[in-house]
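Everything below concerns the one structure shown next.
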Amino acid sequence: MGRVGHEPVWALGTMSGTSLDGVDAALVLTDGHVIHEFGKAAYRPYSGAERAVLRAALGRWPGEAGVAEAAEVVETAHAELLSRFDGADLVGFHGQTLAHDPRGQGTHQAGNGAVLAAVLDLPVVWDFRTSDVTLGGQGAPLAPFYHFACARFIGATEPLAFLNLGGVGNLTWADPALPGPEVPGALLAFDTGPANAPVNDLMQARRGLAQDEGGALAAKGVVDDAVIEAFLAHPYFYKMPPKSLDRNDFAGLLEAVAALSDADAAATLTAAAAAAVARGAEHFPRPPSQILVGGGGRHNATLMAMLADRLACPVQPVEAVGLEGDMLEAQAFAFLAVRVQRGMATSCPATTGVAAAVGGGRISRPGA
Ligand SMILES: Nc1ncnc2c1ncn2[C@@H]1O[C@H](COP(=O)(O)OP(=O)(O)OP(=O)(O)O)[C@@H](O)[C@H]1O
Ligand SMILES: CC(=O)N[C@H]1[C@@H]2OC[C@@H](O2)[C@@H](O)[C@@H]1O[C@H](C)C(=O)O
């Protein structure tokens, strides 16, 4: 990339995840290879009204009803949150995934980076997933290149795995001893299955609550093994990675627990998330030394206990190695923004199934 520097810059990354709870933003000082320092991070929840607009647009594509309204909610929430930060050199704006169908209609993240570039008066990197999909990849997960940098940052020398427990779960196996993330054998990544989304949907439907706080309800229930067995027969679990999911790909799971008590249903959906991760771990090229967990699901003690039961290596929140589990994804899009700006790859065959290591993303500059 000519004289575009190799100096580290402060990148401000954002994530508005599949749980539709709100927007995370975090500053990272990086050159796109190495994490030099972490800066301030902040969260802005969506209001009930905003969440309703986003929920109504789930599964929709650009131009369809409700999508422009959803994009406006996303842009407004991000502009409000990001205006609270000083000192950023550029922004990595993920947007809100409304639909994801990589081998069909594509992938759709609502929100226009050009709008944010104008409001914030900063270059904004956005639309991270489309070019990977266009080149035959899944367009997700994209955090793995960042996970590789995290593995280096914490001084790991043995293979390890990162597990994100958001609405959907995803696993990255990484070997930090290899020279870089795109080197064959350095990474293997994929979505594991539904993580918190089905439990959240159950809690909403049965109790009018957003989540099963701490996994307390699930802890009181009994897992229905027949439901788990039927769940694991889903064709997704027979696909080789890389592979990715849309939030509602397992919508039938909620029907499968319809006849169970609230506690048994919560226990069974929580066990399904853990079983999907354990099934995913069977794909690891070599056993990892540990699995480090980020995302909101690490606050669910029942889910964490079920994971520890089903996995052969230690499972602990990323805080155990000094990382911030609520901000990993926002930090990932800060890191990836710098890579995009510098013409570096953001995905490779082992992370998204794309044919070769590729970069992605659009860059909008203020005043352009
Ligand atoms: N204290 C808690 N107890 C139980 N569950 C929790 C707790 N805190 C967060 N969660 C779960 O984590 C979810 C939020 O996780 P997170 O913010 O990582 O998801 P996301 O980023 O929206 O999703 P994705 O990573 O799939 O895009 C909540 O919706 C809830 O289900
Ligand atoms: C299409 C899409 O937005 N996928 C998200 C979602 O949330 C978790 C999982 O499904 C993962 O594939 C991805 O996000 C993370 C940040 C990623 O790209 O690595």
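Numbering starts fresh at 1 for the residues of each chain in the structure tokens, the chains themselves are lettered A, B, ... in the order given, and ligands are numbered from 1 as they appear.
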Legend entry - Contacts of Cys150 in chain A at 10 Å (only C-alpha atoms; same-chain gap of 3+ positions) as a ChimeraX atom specification: /A:34-35,144-147,153-156,162,174,176,321,323,328,332
Inset, instruction - Residues within 9 Å of ligand 1 should be enumerated using only C-alpha atoms and all ligand atoms and returned as an MDAnalysis selection string. - result: chainID A and resid 15:24 96:97 164:170 194:201 210:216 247 294:303 325:330
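Distances to ligand 2 were evaluated for A:Thr270, A:Ser244, A:Thr134, A:Gln204 using only C-alpha atoms and all ligand atoms, and the minimum falls at A:Ser244.
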Inset, instruction - Name the closest residue to Asp264 in chain A among the candidates A:Leu90, A:Ala118, A:Val222, A:Ala68; distances are taken between atoms, counting only C-alpha atoms. - result: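 Ranked by minimum distance to Asp264 in chain A, first place goes to A:Val222.
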Legend entry - Selected residue of minimal separation from Tyr46 in chain A among A:Val74, A:Ala258, A:Leu58, A:Ile363, counting only C-alpha atoms: A:Val74
Inset, instruction - Assign secondary structure with DSSP using the backbone only, and return the residues of range 247-338 of chain A in alpha helix (DSSP H) as a PyMOL selection string. - result: chain A and resi 252-256+262-281+301-310+328-338
Write the selection just made, keeping N, CA and C atoms, as a CSV table (one decimal), in the first residue's frame?
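To be explicit, this is the file written out as selection_37.csv:
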chain,number,residue,atom,x,y,z
A,252,GLY,N,-36.8,-23.6,14.6
A,252,GLY,CA,-37.6,-24.7,15.0
A,252,GLY,C,-37.3,-25.2,16.4
A,253,LEU,N,-36.1,-24.8,16.9
A,253,LEU,CA,-35.7,-25.3,18.3
A,253,LEU,C,-36.7,-24.9,19.3
A,254,LEU,N,-37.2,-23.7,19.2
A,254,LEU,CA,-38.2,-23.2,20.2
A,254,LEU,C,-39.4,-24.1,20.2
A,255,GLU,N,-39.9,-24.5,19.0
A,255,GLU,CA,-41.0,-25.4,19.0
A,255,GLU,C,-40.7,-26.7,19.7
A,256,ALA,N,-39.5,-27.2,19.5
A,256,ALA,CA,-39.1,-28.5,20.1
A,256,ALA,C,-39.2,-28.5,21.6
A,262,ASP,N,-41.1,-24.2,31.9
A,262,ASP,CA,-40.2,-23.0,31.6
A,262,ASP,C,-38.7,-23.4,32.0
A,263,ALA,N,-38.6,-24.0,33.1
A,263,ALA,CA,-37.2,-24.4,33.6
A,263,ALA,C,-36.6,-25.5,32.7
A,264,ASP,N,-37.4,-26.5,32.4
A,264,ASP,CA,-36.8,-27.6,31.6
A,264,ASP,C,-36.5,-27.1,30.2
A,265,ALA,N,-37.4,-26.2,29.7
A,265,ALA,CA,-37.1,-25.6,28.3
A,265,ALA,C,-35.8,-24.8,28.3
A,266,ALA,N,-35.6,-24.0,29.4
A,266,ALA,CA,-34.4,-23.2,29.5
A,266,ALA,C,-33.2,-24.1,29.6
A,267,ALA,N,-33.3,-25.1,30.4
A,267,ALA,CA,-32.2,-26.0,30.6
A,267,ALA,C,-31.8,-26.7,29.2
A,268,THR,N,-32.9,-27.1,28.5
A,268,THR,CA,-32.7,-27.8,27.3
A,268,THR,C,-32.1,-26.9,26.2
A,269,LEU,N,-32.5,-25.7,26.1
A,269,LEU,CA,-32.0,-24.7,25.1
A,269,LEU,C,-30.5,-24.4,25.5
A,270,THR,N,-30.2,-24.2,26.7
A,270,THR,CA,-28.9,-23.9,27.2
A,270,THR,C,-28.0,-25.1,26.9
A,271,ALA,N,-28.5,-26.3,27.1
A,271,ALA,CA,-27.7,-27.5,26.8
A,271,ALA,C,-27.5,-27.6,25.3
A,272,ALA,N,-28.4,-27.2,24.5
A,272,ALA,CA,-28.3,-27.3,23.0
A,272,ALA,C,-27.1,-26.4,22.6
A,273,ALA,N,-27.0,-25.2,23.2
A,273,ALA,CA,-25.9,-24.3,22.8
A,273,ALA,C,-24.6,-24.9,23.2
A,274,ALA,N,-24.5,-25.6,24.4
A,274,ALA,CA,-23.3,-26.2,24.8
A,274,ALA,C,-23.0,-27.4,23.9
A,275,ALA,N,-24.0,-28.2,23.5
A,275,ALA,CA,-23.8,-29.4,22.7
A,275,ALA,C,-23.3,-29.0,21.3
A,276,ALA,N,-23.8,-27.8,20.8
A,276,ALA,CA,-23.3,-27.4,19.5
A,276,ALA,C,-21.9,-27.0,19.5
A,277,VAL,N,-21.4,-26.4,20.6
A,277,VAL,CA,-20.0,-26.0,20.7
A,277,VAL,C,-19.2,-27.3,20.8
A,278,ALA,N,-19.6,-28.3,21.6
A,278,ALA,CA,-18.9,-29.5,21.8
A,278,ALA,C,-18.8,-30.2,20.4
A,279,ARG,N,-19.9,-30.2,19.7
A,279,ARG,CA,-19.8,-30.8,18.3
A,279,ARG,C,-18.8,-30.1,17.4
A,280,GLY,N,-18.8,-28.8,17.5
A,280,GLY,CA,-17.9,-28.0,16.7
A,280,GLY,C,-16.4,-28.3,17.1
A,281,ALA,N,-16.2,-28.5,18.4
A,281,ALA,CA,-14.8,-28.7,18.9
A,281,ALA,C,-14.2,-30.0,18.2
A,301,ALA,N,-23.9,-18.8,34.1
A,301,ALA,CA,-23.1,-19.8,34.9
A,301,ALA,C,-23.5,-21.3,34.5
A,302,THR,N,-24.8,-21.4,34.1
A,302,THR,CA,-25.3,-22.8,33.8
A,302,THR,C,-24.7,-23.2,32.4
A,303,LEU,N,-24.7,-22.3,31.5
A,303,LEU,CA,-24.1,-22.5,30.2
A,303,LEU,C,-22.6,-22.8,30.3
A,304,MET,N,-21.9,-22.0,31.1
A,304,MET,CA,-20.4,-22.2,31.3
A,304,MET,C,-20.2,-23.6,32.0
A,305,ALA,N,-21.0,-24.0,32.9
A,305,ALA,CA,-20.8,-25.3,33.6
A,305,ALA,C,-21.1,-26.5,32.6
A,306,MET,N,-22.1,-26.3,31.7
A,306,MET,CA,-22.4,-27.3,30.7
A,306,MET,C,-21.2,-27.4,29.7
A,307,LEU,N,-20.6,-26.3,29.4
A,307,LEU,CA,-19.5,-26.3,28.4
A,307,LEU,C,-18.3,-27.0,29.1
A,308,ALA,N,-18.0,-26.7,30.3
A,308,ALA,CA,-16.9,-27.4,31.0
A,308,ALA,C,-17.1,-28.9,31.1
A,309,ASP,N,-18.4,-29.3,31.2
A,309,ASP,CA,-18.7,-30.7,31.3
A,309,ASP,C,-18.5,-31.4,29.9
A,310,ARG,N,-18.7,-30.7,28.9
A,310,ARG,CA,-18.7,-31.3,27.5
A,310,ARG,C,-17.4,-31.2,26.8
A,328,LEU,N,-14.7,-7.8,22.8
A,328,LEU,CA,-13.8,-8.4,21.8
A,328,LEU,C,-14.3,-8.2,20.4
A,329,GLU,N,-15.6,-8.2,20.1
A,329,GLU,CA,-16.1,-8.1,18.8
A,329,GLU,C,-15.9,-6.7,18.3
A,330,ALA,N,-16.2,-5.7,19.1
A,330,ALA,CA,-16.0,-4.3,18.8
A,330,ALA,C,-14.5,-4.0,18.5
A,331,GLN,N,-13.7,-4.6,19.3
A,331,GLN,CA,-12.2,-4.5,19.1
A,331,GLN,C,-11.8,-5.1,17.8
A,332,ALA,N,-12.5,-6.3,17.5
A,332,ALA,CA,-12.1,-7.0,16.2
A,332,ALA,C,-12.4,-6.1,15.0
A,333,PHE,N,-13.5,-5.3,15.1
A,333,PHE,CA,-13.8,-4.5,13.9
A,333,PHE,C,-12.9,-3.2,13.9
A,334,ALA,N,-12.3,-2.8,15.0
A,334,ALA,CA,-11.3,-1.8,15.0
A,334,ALA,C,-10.1,-2.3,14.3
A,335,PHE,N,-9.6,-3.5,14.7
A,335,PHE,CA,-8.4,-4.1,14.2
A,335,PHE,C,-8.6,-4.4,12.7
A,336,LEU,N,-9.8,-4.9,12.3
A,336,LEU,CA,-10.0,-5.2,10.9
A,336,LEU,C,-10.1,-3.9,10.0
A,337,ALA,N,-10.6,-2.8,10.6
A,337,ALA,CA,-10.6,-1.6,9.9
A,337,ALA,C,-9.2,-1.1,9.4
A,338,VAL,N,-8.3,-1.3,10.4
A,338,VAL,CA,-6.9,-0.9,10.0
A,338,VAL,C,-6.4,-1.8,8.9
Legend entry - Given only C-alpha atoms and all ligand atoms as the counted atoms, nearest of A:Met203, A:Leu29, A:Leu245, A:Leu160 to ligand 2: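 Among the listed residues, the smallest separation from ligand 2 belongs to A:Leu245.
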Inset, instruction - Between A:Asp101, A:Asp175, A:Asp121, A:Glu72, single out the one closest to ligand 2, counting only C-alpha atoms and all ligand atoms. - result: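 Selected residue with least distance to ligand 2: A:Asp101.
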Legend entry - Between CA of Arg206 in chain A and atom 4 (N, counted along the ligand's line) of ligand 2, distance in Å (one decimal):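 Atom 4 (N, counted along the ligand's line) of ligand 2 lies 26.6 Å from CA of Arg206 in chain A.
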Inset, instruction - Enter the distance from CA of Thr172 in chain A to CA of Ala356 in chain A, in Å, rounded to one decimal. - result: 18.1 Å
Legend entry - Those in range 66-154 of chain A with strand (DSSP E or B) from DSSP, as a ChimeraX atom specification: /A:90-101,106-110,124-126
Legend entry - Separation of CA of Ser47 in chain A from CA of Gly113 in chain A in Å: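 Separation of CA of Gly113 in chain A and CA of Ser47 in chain A: 21.7 Å.
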Inset, instruction - Have a look at A:Gly343, A:Gly136, A:Pro349, A:Gly106 and name the one nearest to ligand 2; count only C-alpha atoms and all ligand atoms. - result: A:Gly106
